[in-house]
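Student: Take a look at this one; I'll ask things after.
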Amino acid sequence: MNKSVWVVFTHTAVAMAQSCNLPISKSDRRDSLDLDLLYLLEKEPGLSQRELADRLGISLGKVNYCLKSLLALGAIKFGNFRASSHKMRYAYMLTPAGLSRKANLTRAFLRHKMEEYERLKAQIAALEDDLAKSDAGGQASL
């Protein structure tokens, strides 16, 4: 899956759940954001914080806060681009701990989505069954 599509997908999934008044815990939202950041940084380690904020549709301050948290966890490290004309430009690189965190968050995300898919499948089947029964009952009375 294209990683930029992934980021849009995970944020859309959280937004859809919120719009349906499904309970989304603060840690779920944070894990989703961490996962999006880790995917983006793995693909494009040279993105600035402003570029990350634009891609994720969040504030610059939130990106800064999340990056500091990922740095504290040892999930990412950063260094200067030596050849860059912008000496303030940094590259954020995933560490082995970051790769592990990304894999664990991806597994949890997939498990959650598969459970959601199974619930939706059962709900759709029940609705189709109800509709078929109501259509059969309506035609019988005609």
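Ordered as shown in the structure tokens, chains take letters A, B, and onward, while each chain numbers its residues from 1 and ligands are numbered from 1 in the order shown.
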Which residues are close to Leu41 (chain A), i.e. within 10 Å by only C-alpha atoms, leaving aside same-chain residues fewer than 5 positions away? Reply as a count of residues only.

Tutor: 11

Student: I need the helix (DSSP H, G or I) residues of region 29-105 of chain A per DSSP on the backbone, written as an MDAnalysis selection string.

Tutor: chainID A and resid 29:43 49:56 60:73 96:105

Student: Would you export the selected residues with C-alpha atoms as an mmCIF file, in the first residue's frame, please?

Tutor:
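The resulting file, out31.cif, is reproduced below:
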```cif
data_model
loop_
_atom_site.group_PDB
_atom_site.id
_atom_site.type_symbol
_atom_site.label_atom_id
_atom_site.label_comp_id
_atom_site.auth_asym_id
_atom_site.auth_seq_id
_atom_site.Cartn_x
_atom_site.Cartn_y
_atom_site.Cartn_z
ATOM 1 C CA ARG A 29 -5.717 8.382 18.662
ATOM 2 C CA ARG A 30 -2.127 8.740 19.785
ATOM 3 C CA ASP A 31 -1.164 5.283 18.505
ATOM 4 C CA SER A 32 -2.755 6.129 15.151
ATOM 5 C CA LEU A 33 -0.763 9.356 14.968
ATOM 6 C CA ASP A 34 2.465 7.603 15.997
ATOM 7 C CA LEU A 35 1.878 4.980 13.331
ATOM 8 C CA ASP A 36 1.266 7.630 10.679
ATOM 9 C CA LEU A 37 4.407 9.508 11.711
ATOM 10 C CA LEU A 38 6.513 6.349 11.695
ATOM 11 C CA TYR A 39 5.285 5.395 8.204
ATOM 12 C CA LEU A 40 5.949 8.880 6.859
ATOM 13 C CA LEU A 41 9.375 9.143 8.449
ATOM 14 C CA GLU A 42 10.386 5.728 7.169
ATOM 15 C CA LYS A 43 9.467 6.755 3.620
ATOM 16 C CA GLN A 49 8.063 19.251 11.018
ATOM 17 C CA ARG A 50 5.983 21.735 9.023
ATOM 18 C CA GLU A 51 5.763 19.291 6.098
ATOM 19 C CA LEU A 52 4.781 16.487 8.486
ATOM 20 C CA ALA A 53 2.064 18.710 9.984
ATOM 21 C CA ASP A 54 0.721 19.545 6.513
ATOM 22 C CA ARG A 55 0.696 15.897 5.411
ATOM 23 C CA LEU A 56 -1.018 14.740 8.590
ATOM 24 C CA LEU A 60 3.023 21.999 14.026
ATOM 25 C CA GLY A 61 3.030 21.942 17.839
ATOM 26 C CA LYS A 62 1.387 18.510 17.867
ATOM 27 C CA VAL A 63 4.000 17.168 15.453
ATOM 28 C CA ASN A 64 6.762 18.592 17.645
ATOM 29 C CA TYR A 65 5.213 17.010 20.760
ATOM 30 C CA CYS A 66 4.835 13.602 19.075
ATOM 31 C CA LEU A 67 8.362 13.648 17.656
ATOM 32 C CA LYS A 68 9.783 14.479 21.089
ATOM 33 C CA SER A 69 7.822 11.561 22.519
ATOM 34 C CA LEU A 70 9.086 9.189 19.807
ATOM 35 C CA LEU A 71 12.640 10.442 20.442
ATOM 36 C CA ALA A 72 12.229 9.818 24.187
ATOM 37 C CA LEU A 73 10.976 6.287 23.472
ATOM 38 C CA PRO A 96 15.272 -0.718 15.592
ATOM 39 C CA ALA A 97 12.919 0.180 18.478
ATOM 40 C CA GLY A 98 10.972 2.399 16.081
ATOM 41 C CA LEU A 99 10.658 -0.363 13.513
ATOM 42 C CA SER A 100 9.444 -2.681 16.255
ATOM 43 C CA ARG A 101 6.927 -0.073 17.494
ATOM 44 C CA LYS A 102 5.676 0.454 13.949
ATOM 45 C CA ALA A 103 5.232 -3.295 13.471
ATOM 46 C CA ASN A 104 3.381 -3.648 16.790
ATOM 47 C CA LEU A 105 1.102 -0.678 16.044
#
```

Student: What does the distance between CA of Glu116 (chain A) and CA of Asp28 (chain A) come to in Å, to one decimal place?

Tutor: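 Interatomic distance, CA of Glu116 (chain A) to CA of Asp28 (chain A): 14.5 Å.
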